[in-house]
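Structure file run_20.tsv (TSV, C-alpha atoms and all ligand atoms) follows.
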chain	number	residue	atom	x	y	z
A	11	MET	CA	-57.96	-33.03	190.57
A	12	THR	CA	-58.98	-33.30	194.22
A	13	ILE	CA	-62.34	-35.02	194.52
A	14	VAL	CA	-64.50	-33.32	197.10
A	15	PRO	CA	-68.16	-34.16	197.72
A	16	PRO	CA	-70.62	-31.39	196.83
A	17	PRO	CA	-71.54	-29.16	199.82
A	18	GLY	CA	-74.94	-30.81	200.21
A	19	GLN	CA	-73.24	-34.14	200.85
A	20	LEU	CA	-70.94	-32.81	203.53
A	21	LYS	CA	-72.21	-32.68	207.10
A	22	ARG	CA	-70.98	-29.67	209.05
A	23	GLY	CA	-69.02	-31.99	211.32
A	24	ASP	CA	-67.01	-33.28	208.36
A	25	THR	CA	-66.00	-29.84	207.11
A	26	LEU	CA	-63.05	-27.63	207.91
A	27	LEU	CA	-64.76	-24.39	207.00
A	28	TYR	CA	-68.51	-24.05	206.81
A	29	LEU	CA	-70.33	-20.87	205.83
A	30	ASP	CA	-74.11	-21.07	205.61
A	31	LYS	CA	-76.44	-18.25	204.55
A	32	VAL	CA	-73.95	-15.57	205.56
A	33	SER	CA	-74.78	-11.92	204.88
A	34	LYS	CA	-72.95	-8.69	205.64
A	35	SER	CA	-73.99	-5.16	204.72
A	36	PHE	CA	-71.97	-1.98	204.78
A	37	ASP	CA	-74.20	1.09	204.96
A	38	GLY	CA	-77.09	-0.87	203.48
A	39	PHE	CA	-74.97	-2.39	200.67
A	40	LYS	CA	-74.87	-6.19	200.78
A	41	ALA	CA	-71.19	-7.04	200.30
A	42	ILE	CA	-71.96	-10.66	201.25
A	43	ASN	CA	-75.41	-11.89	200.35
A	44	ASP	CA	-76.69	-15.28	201.51
A	45	LEU	CA	-73.29	-16.90	200.98
A	46	SER	CA	-72.93	-20.63	201.56
A	47	LEU	CA	-69.50	-22.14	201.05
A	48	VAL	CA	-67.95	-25.31	202.40
A	49	ILE	CA	-64.28	-26.33	202.42
A	50	ALA	CA	-63.54	-29.96	203.18
A	51	LYS	CA	-60.70	-31.05	205.45
A	52	GLY	CA	-57.51	-31.19	203.39
A	53	GLU	CA	-59.04	-29.40	200.42
A	54	MET	CA	-57.49	-26.60	198.36
A	55	ARG	CA	-60.08	-24.28	196.78
A	56	ALA	CA	-59.65	-21.41	194.36
A	57	ILE	CA	-62.00	-18.44	194.67
A	58	ILE	CA	-62.48	-16.22	191.64
A	59	GLY	CA	-64.85	-13.40	190.80
A	60	PRO	CA	-64.96	-9.79	189.65
A	61	ASN	CA	-63.78	-6.84	191.74
A	62	GLY	CA	-66.22	-6.16	194.53
A	63	ALA	CA	-67.61	-9.73	194.48
A	64	GLY	CA	-66.99	-10.04	198.21
A	65	LYS	CA	-63.87	-12.23	198.22
A	66	THR	CA	-61.95	-10.08	200.67
A	67	THR	CA	-65.00	-9.55	202.87
A	68	MET	CA	-65.51	-13.34	202.97
A	69	MET	CA	-61.91	-13.79	204.19
A	70	ASP	CA	-62.44	-10.95	206.69
A	71	ILE	CA	-65.46	-12.81	208.07
A	72	VAL	CA	-63.56	-16.10	208.40
A	73	THR	CA	-60.64	-14.42	210.19
A	74	GLY	CA	-62.86	-12.45	212.55
A	75	LYS	CA	-61.93	-9.05	211.15
A	76	THR	CA	-65.54	-8.52	210.10
A	77	ARG	CA	-68.58	-9.90	211.88
A	78	PRO	CA	-71.43	-11.14	209.66
A	79	ASP	CA	-74.93	-9.73	210.19
A	80	THR	CA	-76.49	-13.17	209.82
A	81	GLY	CA	-75.47	-16.73	209.01
A	82	ASP	CA	-73.28	-19.51	210.35
A	83	VAL	CA	-69.49	-19.65	210.17
A	84	TYR	CA	-67.86	-22.76	211.62
A	85	PHE	CA	-64.28	-24.04	211.74
A	86	ARG	CA	-63.55	-27.77	212.19
A	87	GLY	CA	-67.29	-28.41	212.25
A	88	ASP	CA	-68.04	-27.12	215.71
A	89	VAL	CA	-66.09	-23.92	216.41
A	90	ASP	CA	-68.44	-20.98	215.88
A	91	LEU	CA	-66.08	-18.36	214.45
A	92	THR	CA	-68.62	-15.56	214.90
A	93	ARG	CA	-68.04	-15.89	218.64
A	94	HIS	CA	-64.28	-15.34	218.40
A	95	ASP	CA	-62.14	-12.29	217.70
A	96	GLU	CA	-59.34	-11.95	215.18
A	97	ALA	CA	-56.51	-12.74	217.62
A	98	SER	CA	-58.18	-15.87	218.93
A	99	ILE	CA	-59.00	-17.13	215.41
A	100	ALA	CA	-55.37	-16.64	214.34
A	101	THR	CA	-54.20	-18.89	217.17
A	102	MET	CA	-56.82	-21.50	216.33
A	103	GLY	CA	-55.11	-22.55	213.13
A	104	ILE	CA	-56.35	-20.13	210.48
A	105	GLY	CA	-53.51	-18.19	208.85
A	106	ARG	CA	-53.91	-15.43	206.32
A	107	LYS	CA	-51.57	-13.98	203.75
A	108	PHE	CA	-52.51	-10.58	202.43
A	109	GLN	CA	-51.80	-9.50	198.89
A	110	LYS	CA	-49.00	-7.08	199.74
A	111	PRO	CA	-45.92	-8.74	201.29
A	112	THR	CA	-45.20	-7.54	204.80
A	113	VAL	CA	-41.83	-9.18	205.43
A	114	PHE	CA	-39.20	-7.45	207.56
A	115	GLU	CA	-37.09	-5.93	204.79
A	116	ASN	CA	-33.97	-5.28	206.90
A	117	HIS	CA	-33.75	-8.84	208.20
A	118	THR	CA	-32.44	-11.91	206.40
A	119	VAL	CA	-34.80	-14.54	205.03
A	120	ARG	CA	-33.81	-16.92	207.84
A	121	ASP	CA	-34.38	-14.28	210.52
A	122	ASN	CA	-37.80	-13.48	209.12
A	123	LEU	CA	-38.73	-17.14	209.52
A	124	LYS	CA	-37.18	-17.21	212.99
A	125	LEU	CA	-39.29	-14.23	213.99
A	126	ALA	CA	-42.41	-15.87	212.59
A	127	LEU	CA	-41.66	-19.04	214.59
A	128	ALA	CA	-40.95	-16.96	217.69
A	129	GLY	CA	-44.30	-15.28	217.25
A	130	THR	CA	-45.95	-18.64	217.84
A	131	ARG	CA	-44.07	-19.28	221.09
A	132	GLY	CA	-46.46	-17.36	223.29
A	133	VAL	CA	-49.22	-19.54	221.93
A	134	PHE	CA	-47.34	-22.81	221.64
A	135	PRO	CA	-44.77	-22.88	224.44
A	136	ALA	CA	-44.15	-26.53	223.56
A	137	LEU	CA	-42.41	-25.44	220.39
A	138	PHE	CA	-40.02	-23.28	222.41
A	139	HIS	CA	-39.17	-26.19	224.66
A	140	ARG	CA	-38.34	-28.39	221.72
A	141	GLY	CA	-35.30	-26.19	221.44
A	142	VAL	CA	-32.94	-24.67	218.97
A	143	LYS	CA	-32.36	-27.83	216.94
A	144	ALA	CA	-36.05	-28.32	216.28
A	145	GLU	CA	-36.34	-24.68	215.33
A	146	ARG	CA	-33.45	-24.94	212.88
A	147	GLN	CA	-34.97	-28.05	211.34
A	148	ARG	CA	-38.33	-26.40	210.92
A	149	ILE	CA	-36.74	-23.33	209.32
A	150	ASP	CA	-34.80	-25.56	206.90
A	151	GLU	CA	-38.01	-27.36	205.95
A	152	ILE	CA	-39.80	-24.09	205.31
A	153	LEU	CA	-36.86	-22.73	203.30
A	154	GLU	CA	-37.01	-25.87	201.16
A	155	THR	CA	-40.77	-25.66	200.63
A	156	THR	CA	-40.64	-21.99	199.73
A	157	ARG	CA	-37.68	-22.37	197.32
A	158	LEU	CA	-35.56	-20.06	199.46
A	159	THR	CA	-32.78	-22.35	200.70
A	160	ASP	CA	-30.19	-20.65	198.49
A	161	ARG	CA	-31.45	-17.22	199.59
A	162	ARG	CA	-31.55	-17.93	203.34
A	163	ASN	CA	-28.83	-15.43	204.23
A	164	ALA	CA	-30.01	-12.75	201.82
A	165	GLY	CA	-31.71	-9.65	203.14
A	166	ALA	CA	-35.44	-9.79	202.55
A	167	ALA	CA	-35.12	-6.42	200.79
A	168	ASP	CA	-32.94	-8.08	198.13
A	169	LEU	CA	-35.51	-10.74	197.20
A	170	SER	CA	-37.52	-10.54	194.00
A	171	HIS	CA	-41.21	-9.71	194.41
A	172	GLY	CA	-42.07	-13.39	193.92
A	173	GLN	CA	-39.53	-14.55	196.50
A	174	LYS	CA	-40.95	-12.05	199.01
A	175	GLN	CA	-44.37	-13.59	198.49
A	176	TRP	CA	-42.88	-17.06	199.06
A	177	LEU	CA	-41.14	-15.83	202.21
A	178	GLU	CA	-44.45	-14.55	203.46
A	179	ILE	CA	-46.06	-17.91	202.72
A	180	GLY	CA	-43.16	-19.42	204.69
A	181	MET	CA	-43.89	-17.10	207.62
A	182	LEU	CA	-47.47	-18.29	207.51
A	183	LEU	CA	-46.29	-21.92	207.51
A	184	ALA	CA	-44.18	-21.16	210.59
A	185	GLN	CA	-47.46	-20.67	212.45
A	186	ASP	CA	-48.45	-24.17	211.30
A	187	PRO	CA	-52.06	-23.28	210.46
A	188	GLU	CA	-54.49	-26.00	209.47
A	189	LEU	CA	-56.13	-23.59	207.01
A	190	LEU	CA	-54.23	-21.04	204.92
A	191	LEU	CA	-56.11	-18.15	203.33
A	192	VAL	CA	-54.02	-16.71	200.52
A	193	ASP	CA	-55.03	-13.49	198.79
A	194	GLU	CA	-53.83	-12.97	195.19
A	195	PRO	CA	-50.41	-14.59	195.66
A	196	VAL	CA	-49.25	-14.25	192.05
A	197	ALA	CA	-50.22	-10.63	191.37
A	198	GLY	CA	-47.12	-8.92	189.96
A	199	MET	CA	-45.13	-12.17	189.58
A	200	THR	CA	-43.26	-13.25	186.45
A	201	ASP	CA	-44.72	-16.22	184.53
A	202	ALA	CA	-41.98	-18.49	185.89
A	203	GLU	CA	-42.67	-17.37	189.49
A	204	THR	CA	-46.40	-17.87	188.94
A	205	GLU	CA	-45.86	-21.46	187.76
A	206	GLU	CA	-43.54	-22.15	190.69
A	207	THR	CA	-46.10	-20.69	193.12
A	208	ALA	CA	-48.74	-23.12	191.82
A	209	ARG	CA	-46.35	-26.04	192.44
A	210	LEU	CA	-45.44	-24.65	195.87
A	211	LEU	CA	-49.07	-24.30	196.97
A	212	LYS	CA	-49.90	-27.78	195.70
A	213	GLU	CA	-47.09	-29.14	197.89
A	214	ILE	CA	-48.38	-27.17	200.89
A	215	ALA	CA	-51.89	-28.44	200.18
A	216	ARG	CA	-50.71	-32.03	200.72
A	217	ASP	CA	-50.90	-31.42	204.46
A	218	HIS	CA	-52.85	-28.18	204.84
A	219	SER	CA	-56.19	-26.87	203.65
A	220	VAL	CA	-55.85	-23.82	201.46
A	221	VAL	CA	-58.24	-21.17	200.13
A	222	VAL	CA	-56.68	-19.10	197.36
A	223	VAL	CA	-58.25	-15.96	195.94
A	224	GLU	CA	-56.81	-15.20	192.52
A	225	HIS	CA	-57.63	-13.46	189.24
A	226	ASP	CA	-54.87	-15.14	187.19
A	227	MET	CA	-56.65	-17.92	185.31
A	228	HIS	CA	-53.42	-19.61	184.13
A	229	PHE	CA	-52.45	-19.94	187.76
A	230	VAL	CA	-55.90	-21.21	188.79
A	231	ARG	CA	-55.71	-23.79	186.00
A	232	ALA	CA	-52.30	-24.92	187.22
A	233	LEU	CA	-53.69	-25.41	190.75
A	234	ASP	CA	-56.13	-27.95	189.29
A	235	VAL	CA	-58.66	-27.74	192.13
A	236	LYS	CA	-62.33	-27.01	192.55
A	237	VAL	CA	-63.20	-23.38	191.80
A	238	THR	CA	-65.86	-21.13	193.32
A	239	CYS	CA	-66.88	-18.00	191.43
A	240	LEU	CA	-68.35	-15.29	193.66
A	241	HIS	CA	-70.51	-12.47	192.34
A	242	GLU	CA	-72.34	-9.82	194.36
A	243	GLY	CA	-71.50	-11.60	197.60
A	244	HIS	CA	-72.98	-14.93	196.51
A	245	VAL	CA	-71.75	-18.16	194.88
A	246	LEU	CA	-72.43	-17.81	191.17
A	247	ALA	CA	-70.86	-21.09	190.07
A	248	GLU	CA	-68.80	-23.89	191.57
A	249	GLY	CA	-66.98	-26.89	190.13
A	250	SER	CA	-64.01	-27.66	187.90
A	251	LEU	CA	-62.40	-24.64	186.23
A	252	ASP	CA	-63.61	-25.94	182.85
A	253	ALA	CA	-67.21	-26.18	184.05
A	254	VAL	CA	-67.12	-22.81	185.84
A	255	SER	CA	-65.48	-20.97	182.96
A	256	ALA	CA	-67.99	-22.44	180.50
A	257	ASP	CA	-70.89	-21.14	182.60
A	258	PRO	CA	-72.48	-18.27	180.60
A	259	ARG	CA	-73.15	-16.30	183.80
A	260	VAL	CA	-69.46	-16.46	184.75
A	261	VAL	CA	-68.47	-15.39	181.24
A	262	GLU	CA	-70.89	-12.49	181.42
A	263	VAL	CA	-69.86	-11.05	184.79
A	264	TYR	CA	-66.20	-12.00	184.93
A	265	LEU	CA	-64.29	-13.86	182.24
A	266	GLY	CA	-65.81	-12.06	179.28
A	267	ARG	CA	-64.97	-8.59	180.59
B	301	LIG	N1	-65.58	-1.70	205.29
B	301	LIG	C1	-66.33	-1.49	204.21
B	301	LIG	N2	-67.19	-0.44	204.15
B	301	LIG	C2	-67.95	-0.22	203.07
B	301	LIG	N3	-67.98	-1.03	201.99
B	301	LIG	C3	-67.17	-2.09	201.99
B	301	LIG	C4	-66.31	-2.38	203.08
B	301	LIG	N4	-65.61	-3.52	202.78
B	301	LIG	C5	-66.02	-3.90	201.56
B	301	LIG	N5	-66.96	-3.06	201.08
B	301	LIG	C6	-67.66	-3.16	199.80
B	301	LIG	O1	-68.11	-4.49	199.67
B	301	LIG	C7	-67.97	-4.96	198.33
B	301	LIG	C8	-67.15	-6.23	198.32
B	301	LIG	O2	-65.80	-5.88	198.50
B	301	LIG	P1	-64.60	-6.94	198.58
B	301	LIG	O3	-63.36	-6.14	198.84
B	301	LIG	O4	-64.94	-8.00	199.55
B	301	LIG	O5	-64.58	-7.51	197.10
B	301	LIG	P2	-63.45	-8.40	196.40
B	301	LIG	O6	-64.16	-9.50	195.72
B	301	LIG	O7	-62.40	-8.75	197.38
B	301	LIG	O8	-62.85	-7.40	195.31
B	301	LIG	P3	-61.33	-7.33	194.71
B	301	LIG	O9	-61.23	-8.42	193.69
B	301	LIG	O10	-61.34	-5.97	194.06
B	301	LIG	O11	-60.38	-7.43	195.84
B	301	LIG	C9	-67.34	-3.82	197.53
B	301	LIG	O12	-68.39	-3.13	196.86
B	301	LIG	C10	-66.73	-2.95	198.60
B	301	LIG	O13	-66.70	-1.60	198.21

Output the structure of this file as structure tokens.
Ligand SMILES: Nc1ncnc2c1ncn2[C@@H]1O[C@H](COP(=O)(O)OP(=O)(O)OP(=O)(O)O)[C@@H](O)[C@H]1O
Amino acid sequence: MTIVPPPGQLKRGDTLLYLDKVSKSFDGFKAINDLSLVIAKGEMRAIIGPNGAGKTTMMDIVTGKTRPDTGDVYFRGDVDLTRHDEASIATMGIGRKFQKPTVFENHTVRDNLKLALAGTRGVFPALFHRGVKAERQRIDEILETTRLTDRRNAGAADLSHGQKQWLEIGMLLAQDPELLLVDEPVAGMTDAETEETARLLKEIARDHSVVVVEHDMHFVRALDVKVTCLHEGHVLAEGSLDAVSADPRVVEVYLGR
């Protein structure tokens, strides 16, 4: 298990993502309520919690889709994310994968990755100048990581649901984000795909920070990382999965449902 100091022991400057006392209301309803959450550099964190706990809204705040009413949101210790819009945050090194795959169905796996790499050119012209060989190498690496080497020439439409999710993770990797936000990656996957996805994300987490929102507890256990349980827009419990799932409050609002 990754050992990460408790939030109180991490100075903002040492964190990758730092949320402090963040609140956000929609029509008077507090979707996020005094939320403080810290992700260390290089950490992978699993976020769990019942429907409506605020997990998606928290991701929306980090990616600039939603602006908090109050509170601090910092990336790499000193970038105030509340002062940036969604497009600028995406180019800063925060990549997000939504629950539903949005791959280009009528393109091959390889072409989807090519398009994702091309999408970064405007932002990183250096990558373009490194040329075709570098691009091919990078695509091969991503195919390998996402278990899609044998499927590289297949149409994306012909992939299994799980493989589509992996392709989308690959398209995120093409942007080379420092932090990946991954929303319910294993929903709808077979057990075998779920297990493979845990291995895949653990590999990615060797050189990226990752925040994964997921309801599948077998999958969260396989990730073997620190877990945060959100409830009513606030951190209800945080720690190892064993500690969090033994917390009576977590059992009451989430696991015991
Ligand atoms: N744009 C919005 N307008 C009004 N209410 C919203 C809006 N976005 C979220 N909410 C409300 O905020 C609360 C938190 O929602 P959120 O989607 O963040 O929860 P969640 O933890 O992601 O749930 P799930 O596990 O179902 O995805 C919910 O009660 C939701 O209805």

As number ranges by chain, please: the residues near A:Glu213 (cut-off 8 Å, all atoms listed in the file, same-chain neighbours under 4 positions excluded).
A: 155, 209, 217

Using all atoms listed in the file, which of A:Glu145, A:Glu194, A:Glu154, A:Glu206 sits nearest ligand LIG 301 (chain B)?
A:Glu194

Which residues sit within 6 Å of ligand LIG 301 (chain B), counting all atoms listed in the file, listed as a count of residues only?
10

In Å and to one decimal, atom CA of A:Ala56 is distant from atom CA of A:Val237 by 4.8 Å

May I have the centre and edge lengths, in Å to one decimal, of an axis-aligned box around the listed atoms of stretch 162-177 of chain A with 3 Å added to every side, as lines of an AutoDock Vina configuration file?
center_x = -36.6
center_y = -12.2
center_z = 199.1
size_x = 21.5
size_y = 17.5
size_z = 16.3

Closest of A:Val221, A:Met68, A:Ile152, A:Ala253 to A:Gly105, counting only C-alpha atoms, is A:Val221

Which value, in Å to one decimal, gives the distance between atom CA of A:Lys143 and atom CA of A:Ala167?
27.0 Å

To one decimal place, how far is atom CA of A:Val83 from atom CA of A:Ile214 in Å?
24.3 Å

All residues 10 Å or closer to A:Arg216, all atoms listed in the file, same chain fewer than 3 positions away omitted, as number ranges by chain
A: 52-54, 211-213, 219-220

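The residue that comes closest to A:Val192, out of A:Val222, A:Val263, A:Val245, A:Ala232 and on the basis of all atoms listed in the file, is A:Val222.
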
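Taking only C-alpha atoms into account, the protein, DNA and RNA residues within 10 Å of (-32.5, -19.8, 202.1) read A:Thr118, A:Val119, A:Arg120, A:Ile149, A:Asp150, A:Ile152, A:Leu153, A:Glu154, A:Thr156, A:Arg157, A:Leu158, A:Thr159, A:Asp160, A:Arg161, A:Arg162, A:Asn163, A:Ala164, A:Leu177.
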
Selected residues written out with C-alpha atoms, as a PDB file, in the coordinates of the input:
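Contents of part.pdb, freshly written:
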ATOM      1  CA  THR A 118     -32.440 -11.910 206.400  1.00  0.00           C
ATOM      2  CA  VAL A 119     -34.800 -14.540 205.030  1.00  0.00           C
ATOM      3  CA  ARG A 120     -33.810 -16.920 207.840  1.00  0.00           C
ATOM      4  CA  ILE A 149     -36.740 -23.330 209.320  1.00  0.00           C
ATOM      5  CA  ASP A 150     -34.800 -25.560 206.900  1.00  0.00           C
ATOM      6  CA  ILE A 152     -39.800 -24.090 205.310  1.00  0.00           C
ATOM      7  CA  LEU A 153     -36.860 -22.730 203.300  1.00  0.00           C
ATOM      8  CA  GLU A 154     -37.010 -25.870 201.160  1.00  0.00           C
ATOM      9  CA  THR A 156     -40.640 -21.990 199.730  1.00  0.00           C
ATOM     10  CA  ARG A 157     -37.680 -22.370 197.320  1.00  0.00           C
ATOM     11  CA  LEU A 158     -35.560 -20.060 199.460  1.00  0.00           C
ATOM     12  CA  THR A 159     -32.780 -22.350 200.700  1.00  0.00           C
ATOM     13  CA  ASP A 160     -30.190 -20.650 198.490  1.00  0.00           C
ATOM     14  CA  ARG A 161     -31.450 -17.220 199.590  1.00  0.00           C
ATOM     15  CA  ARG A 162     -31.550 -17.930 203.340  1.00  0.00           C
ATOM     16  CA  ASN A 163     -28.830 -15.430 204.230  1.00  0.00           C
ATOM     17  CA  ALA A 164     -30.010 -12.750 201.820  1.00  0.00           C
ATOM     18  CA  LEU A 177     -41.140 -15.830 202.210  1.00  0.00           C
TER      19      LEU A 177
END

For A:Ser98, which of A:Ser46, A:Thr238, A:Thr73, A:Gln185 is the closest residue, counting all atoms listed in the file?
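Comparing A:Ser46, A:Thr238, A:Thr73, A:Gln185 against A:Ser98, the winner is A:Thr73.
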
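Closest approach to A:Thr25 from the set A:Leu189, A:Trp176, A:Lys107, A:Asp70 is made by A:Leu189, with distances taken over all atoms listed in the file.
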
Which of A:Lys51, A:Lys75, A:His171, A:His94 sits closest to A:Val113 [using only C-alpha atoms]
A:His171
